[in-house]
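Asker: Handing you this structure, nothing more for now.
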Amino acid sequence: MSAHFLGLLGDWMPQLLVAAGQTLKMAALAYALGAMLGFVIALGELFGGRWIFWLCRVYVEFIRATPTLTQLFLIYFGLPAIGVVLPGFWAAVIALGAHYAAYMAEVYRSGISAVDRGQHEAAQAIGMTRAQTMLHIILPQAVRVILPPMTNFGISLLKDTSVASLIAAPELMMRANDLTSEYYMPMQLYLVTGVMYFVMSYPLSTGMRYLERRAGRSRPVLLEPI
Amino acid sequence: MTDWARTWHLLPYFLSVLWSGTIMTVIVTVGGFVASILLGVLFAALRTGSSRLLNALAHAYVEIFRAVPVLTQLFIIYFGLGAIGIRLSPIPAAVIGFGLNGGAYLTEVFRAGIDAVNKGQTEAALSIGMTKLMALGYIVLPQAIRIVLPSIANFAIGLLKDTSLASAVAAPELSFNAHMLVDETFLSTQIYLLVAGFYLAMSLPLSAVVRMLERRARRSQRA
């Protein structure tokens, strides 16, 4: 590595680090939105009436069958047509959150359904309400099934925030694009950016695997949602 | 004219442009899929093989390509390589990018499949005088592929949607053609809804296939 490159790196890094912080913030907000919305959808599918069930199904199927990019563009470029103008950052948070909600809903649903029916019945038999049963009996047991895929979502969400650069939302990839047009050194800049994503997501996935091993379950390969 | 009326008026034009993009999307998806399978099988073989060095190399490949966004990888291949004199056209660049990225995911899938095949199968193959490579190719892989088929089909659906990112390196696929139409007409809502419809029409049949494969896998597991 030449001294020249190290000098440039010194120019780039402060900007890229700020942008990496924005990436983490975007991912965290989208994750929180997805986790909450996904839970509501799962409850709608499990306990809603017929109409709510179908509404949730259509939402999940639509989201899972179309690219994140298309959804992002619909929110960022499409919503202004009906008078809703969002800044890029928030459009990305909403699009990614809404996207992951569909995947998370499926995970919650399968986790909740995996709990034995007898647990519901027993809880009811001792006089618990439905909400109590959910909170004290079902969810604590469902967490074991839900947690590993939910950690996976966090990792892939972190990487998916890079898509937000395509609507010029402030995050790491966007900053790399800006610096590239300023310095015209795409190879160096995108490699540095790649390393920064690696540094953010690799510890997460290693930690997850450690937790899974400790939980003592060798699970079949779980493909991340893409 | 309202936007919707204009959309209706321009619909044949939109559909023909989006259709040609769809063909490119299919080409990129199939190309990326084939490359992913080849790389996945190759690196899974190295991961499960006896050479420590090759195993470590394959492991590094998997970890690196899974921890970096595919968009970054595409930009390294298209803009990065371009700047150091290796100029690729958008379509080959996209196929290579998605192939390398998908190969890392499929390496893990195939490895799990190979691990799931009973060890006795390899031992039996070796005992009748097959080489290790023959045992892998004729005995283990055919059984492993059956096990991982649903995962691979799931991967294909994800890849189909991911190819939309190729629009960022100017590959003239569905999403790229959609941006062009939006630049031309400013009918963003209508055009992106149409695009969503095109992706739906491609991925819903695929996910029906996945469900069928999963049902079949569960049945054969029970048998």
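Naming scheme: A, B, ... for chains in displayed order of the structure tokens; residues 1 onward per chain; ligands 1 onward as shown.
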Could you list, with a cut-off of 7 Å and counting only C-alpha atoms, the residues of chain B near chain A, each shown with its nearest atom pair and the distance in Å rounded to one decimal, rows sorted by chain and ascending number, as CSV?
Answerer:
residue,atom,partner,partner_atom,distance
B:Ile64,CA,A:Phe198,CA,6.9
B:Ala67,CA,A:Phe198,CA,5.0
B:Val68,CA,A:Phe198,CA,5.5
B:Pro69,CA,A:Lys159,CA,4.8
B:Leu71,CA,A:Ser162,CA,6.8
B:Thr72,CA,A:Gly194,CA,6.3
B:Phe75,CA,A:Tyr190,CA,6.9
B:Ile76,CA,A:Tyr190,CA,5.8
B:Phe79,CA,A:Pro186,CA,5.8
B:Gly80,CA,A:Met187,CA,3.6
B:Leu81,CA,A:Met187,CA,6.5
B:Ala83,CA,A:Pro186,CA,6.7
B:Val109,CA,A:Val221,CA,6.0
B:Ala112,CA,A:Val221,CA,6.6
B:Ser151,CA,A:Leu223,CA,6.9
B:Gly158,CA,A:Ile226,CA,5.0
B:Lys161,CA,A:Pro67,CA,4.6
B:Asp162,CA,A:Pro67,CA,6.5
B:Ser164,CA,A:Leu69,CA,6.8
B:Ser188,CA,A:Gly78,CA,5.5
B:Thr189,CA,A:Gly78,CA,4.1
B:Tyr192,CA,A:Leu74,CA,6.0
B:Ala196,CA,A:Thr66,CA,5.7
B:Tyr199,CA,A:Thr66,CA,5.5
B:Leu200,CA,A:Ala65,CA,5.2
B:Ser203,CA,A:Ala65,CA,5.5
B:Leu204,CA,A:Ala65,CA,6.3
Asker: Take the selection from the previous step and output its residues with C-alpha atoms, as a tab-separated table (two decimals), in the first residue's frame.
Answerer:
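After the write, part_22.tsv holds the following:
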chain	number	residue	atom	x	y	z
B	64	ILE	CA	-16.36	-12.78	2.85
B	67	ALA	CA	-20.82	-10.59	4.81
B	68	VAL	CA	-20.71	-7.92	2.09
B	69	PRO	CA	-23.80	-6.58	0.30
B	71	LEU	CA	-24.57	-4.31	-4.44
B	72	THR	CA	-21.06	-3.56	-3.20
B	75	PHE	CA	-19.86	-2.21	-7.95
B	76	ILE	CA	-16.43	-3.70	-7.30
B	79	PHE	CA	-16.80	-0.01	-11.63
B	80	GLY	CA	-13.79	-1.28	-9.69
B	81	LEU	CA	-12.47	-3.72	-12.30
B	83	ALA	CA	-11.12	1.38	-13.44
B	109	VAL	CA	-26.39	-25.26	1.35
B	112	ALA	CA	-25.22	-29.15	4.71
B	151	SER	CA	-33.33	-24.49	-0.43
B	158	GLY	CA	-34.28	-14.57	-4.06
B	161	LYS	CA	-35.57	-10.42	-7.17
B	162	ASP	CA	-31.95	-9.49	-6.49
B	164	SER	CA	-33.14	-5.82	-9.90
B	188	SER	CA	-43.44	6.50	-11.36
B	189	THR	CA	-46.28	4.95	-9.33
B	192	TYR	CA	-43.29	0.61	-10.62
B	196	ALA	CA	-44.06	-5.28	-9.35
B	199	TYR	CA	-41.86	-9.74	-10.78
B	200	LEU	CA	-44.96	-11.24	-9.14
B	203	SER	CA	-41.82	-15.41	-8.67
B	204	LEU	CA	-45.28	-16.66	-7.66
Asker: Which polymer residues have any atom within 12 Å of an atom of Glu184 in chain B, counting only C-alpha atoms, with same-chain residues fewer than 6 positions away left out, as an mmCIF file with N, CA and C atoms, in the first residue's frame?
Answerer:
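Generated output (out-v5.cif):
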data_model
loop_
_atom_site.group_PDB
_atom_site.id
_atom_site.type_symbol
_atom_site.label_atom_id
_atom_site.label_comp_id
_atom_site.auth_asym_id
_atom_site.auth_seq_id
_atom_site.Cartn_x
_atom_site.Cartn_y
_atom_site.Cartn_z
ATOM 1 N N LEU B 10 -50.417 4.780 -22.852
ATOM 2 C CA LEU B 10 -49.043 4.357 -23.164
ATOM 3 C C LEU B 10 -48.789 2.883 -22.847
ATOM 4 N N TYR B 13 -46.778 0.496 -25.110
ATOM 5 C CA TYR B 13 -45.361 0.874 -25.138
ATOM 6 C C TYR B 13 -44.653 0.392 -23.872
ATOM 7 N N PHE B 14 -45.257 0.691 -22.710
ATOM 8 C CA PHE B 14 -44.675 0.255 -21.439
ATOM 9 C C PHE B 14 -44.456 -1.248 -21.438
ATOM 10 N N ASN B 177 -35.047 -0.836 -17.290
ATOM 11 C CA ASN B 177 -35.988 -0.325 -18.293
ATOM 12 C C ASN B 177 -37.088 0.482 -17.634
ATOM 13 N N ALA B 178 -37.480 0.075 -16.428
ATOM 14 C CA ALA B 178 -38.506 0.827 -15.707
ATOM 15 C C ALA B 178 -38.008 2.236 -15.375
ATOM 16 N N ILE B 191 -45.698 2.912 -13.248
ATOM 17 C CA ILE B 191 -44.687 2.048 -13.851
ATOM 18 C C ILE B 191 -44.130 1.061 -12.825
#
Asker: May I ask for the distance between CA of Asn55 in chain B and CA of Asp115 in chain B, given in Å to one decimal place?
Answerer: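 Result for CA of Asn55 in chain B versus CA of Asp115 in chain B: 14.7 Å, one decimal.
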Asker: I'd like the neighbourhood of Thr133 in chain A as a list in words, where a residue qualifies if any of its atoms comes within 12 Å (using only C-alpha atoms), though same-chain residues fewer than 2 positions away should be ignored.
Answerer: Ile112, Val115, Arg117, Gly118, Gln119, His120, Glu121, Ala122, Ala123, Gln124, Ala125, Ile126, Gly127, Met128, Thr129, Arg130, Ala131, Leu135, His136, Ile137, Ile138, Leu139, Pro140 and Gln141 of chain A
Asker: Output C-alpha atoms for every residue in the selection just made, as an mmCIF file, in the first residue's frame.
Answerer:
data_model
loop_
_atom_site.group_PDB
_atom_site.id
_atom_site.type_symbol
_atom_site.label_atom_id
_atom_site.label_comp_id
_atom_site.auth_asym_id
_atom_site.auth_seq_id
_atom_site.Cartn_x
_atom_site.Cartn_y
_atom_site.Cartn_z
ATOM 1 C CA ILE A 112 -46.198 -19.618 17.606
ATOM 2 C CA VAL A 115 -45.945 -24.541 20.409
ATOM 3 C CA ARG A 117 -51.828 -27.052 21.332
ATOM 4 C CA GLY A 118 -51.963 -28.571 24.788
ATOM 5 C CA GLN A 119 -50.178 -25.501 26.135
ATOM 6 C CA HIS A 120 -53.064 -23.281 24.976
ATOM 7 C CA GLU A 121 -55.592 -25.650 26.453
ATOM 8 C CA ALA A 122 -53.776 -25.964 29.752
ATOM 9 C CA ALA A 123 -53.476 -22.192 30.078
ATOM 10 C CA GLN A 124 -57.154 -21.781 29.398
ATOM 11 C CA ALA A 125 -58.003 -24.553 31.825
ATOM 12 C CA ILE A 126 -56.357 -22.634 34.669
ATOM 13 C CA GLY A 127 -58.363 -19.561 33.682
ATOM 14 C CA MET A 128 -55.856 -17.452 31.751
ATOM 15 C CA THR A 129 -57.154 -15.004 29.188
ATOM 16 C CA ARG A 130 -55.977 -15.202 25.598
ATOM 17 C CA ALA A 131 -53.574 -12.292 26.067
ATOM 18 C CA LEU A 135 -47.606 -13.453 26.880
ATOM 19 C CA HIS A 136 -46.777 -15.931 29.646
ATOM 20 C CA ILE A 137 -47.108 -19.341 28.008
ATOM 21 C CA ILE A 138 -46.821 -19.289 24.242
ATOM 22 C CA LEU A 139 -44.315 -16.539 23.443
ATOM 23 C CA PRO A 140 -41.617 -17.669 25.909
ATOM 24 C CA GLN A 141 -41.653 -21.085 24.233
#
Asker: Might you pull out every residue within 12 Å of Phe47 in chain A, with only C-alpha atoms counted and same-chain residues fewer than 4 positions away left off, and present them as a list in words?
Answerer: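 The residues that qualify are Phe39, Val40, Ile41, Ala42, Leu43, Trp51, Ile52, Phe53, Trp54, Cys56, Arg109, Ile112, Ser113, Arg130, Ala131 and Met134 of chain A.
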Asker: Taking into account only C-alpha atoms, which residue in the set B:Thr48, B:Ser175, B:Thr163, B:Ser207 is nearest to Val26 in chain B?
Answerer: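 Checking each of B:Thr48, B:Ser175, B:Thr163, B:Ser207 against Val26 in chain B, counting only C-alpha atoms, the winner is B:Thr163.
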Asker: Could you list, as a compact mmCIF listing (two decimals) with C-alpha atoms, in the first residue's frame, every residue within 10 Å of Leu141 in chain B, counting only C-alpha atoms and ignoring same-chain residues fewer than 5 positions away?
Answerer:
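Final file, out02.txt:
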# COMPACT_ATOMS: atom_id res chain seq x y z
CA VAL B 41 -20.71 -27.42 -5.66
CA ALA B 45 -16.48 -30.15 -2.28
CA PHE B 110 -24.52 -28.01 -0.50
CA ARG B 111 -22.22 -28.58 2.44
CA GLY B 113 -26.64 -31.51 2.09
CA ILE B 114 -23.40 -33.46 1.78
CA VAL B 117 -25.90 -37.96 3.47
CA MET B 134 -16.20 -40.54 -7.96
CA ALA B 135 -17.83 -41.21 -4.60
CA LEU B 136 -18.73 -37.55 -4.31
CA ARG B 146 -32.41 -34.18 -3.38
CA ILE B 147 -32.11 -32.98 0.20
Asker: Hey, what does DSSP flag as alpha helix (DSSP H) within range 107-167 of chain B? Can you give it to me as a PyMOL selection string?
Answerer: chain B and resi 107-116+119-127+132-134+141-162
Asker: Excluding range 167-170 of chain B and any residue of its chain fewer than 4 positions from it, enumerate the residues within 7 Å of it, using only C-alpha atoms, and give them as a PDB file with N, CA and C atoms, in the first residue's frame.
Answerer:
ATOM      1  N   TYR B  78     -18.023  -4.197 -11.499  1.00  0.00           N
ATOM      2  CA  TYR B  78     -18.322  -3.374 -12.672  1.00  0.00           C
ATOM      3  C   TYR B  78     -17.473  -2.096 -12.701  1.00  0.00           C
ATOM      4  N   PRO B  90     -22.284  -4.698 -18.695  1.00  0.00           N
ATOM      5  CA  PRO B  90     -23.144  -4.836 -17.516  1.00  0.00           C
ATOM      6  C   PRO B  90     -23.674  -6.248 -17.287  1.00  0.00           C
ATOM      7  N   SER B 175     -35.855  -3.713 -14.084  1.00  0.00           N
ATOM      8  CA  SER B 175     -35.844  -2.494 -13.266  1.00  0.00           C
ATOM      9  C   SER B 175     -35.179  -1.332 -13.983  1.00  0.00           C
ATOM     10  N   PHE B 176     -34.142  -1.638 -14.749  1.00  0.00           N
ATOM     11  CA  PHE B 176     -33.440  -0.582 -15.477  1.00  0.00           C
ATOM     12  C   PHE B 176     -34.366   0.036 -16.529  1.00  0.00           C
TER      13      PHE B 176
END
Asker: Counting only C-alpha atoms, which residue out of A:Trp90, A:Tyr100, A:Trp12, A:Tyr31 sits closest to Ala169 in chain A?
Answerer: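 Under the stated criterion, the closest residue is A:Trp90.
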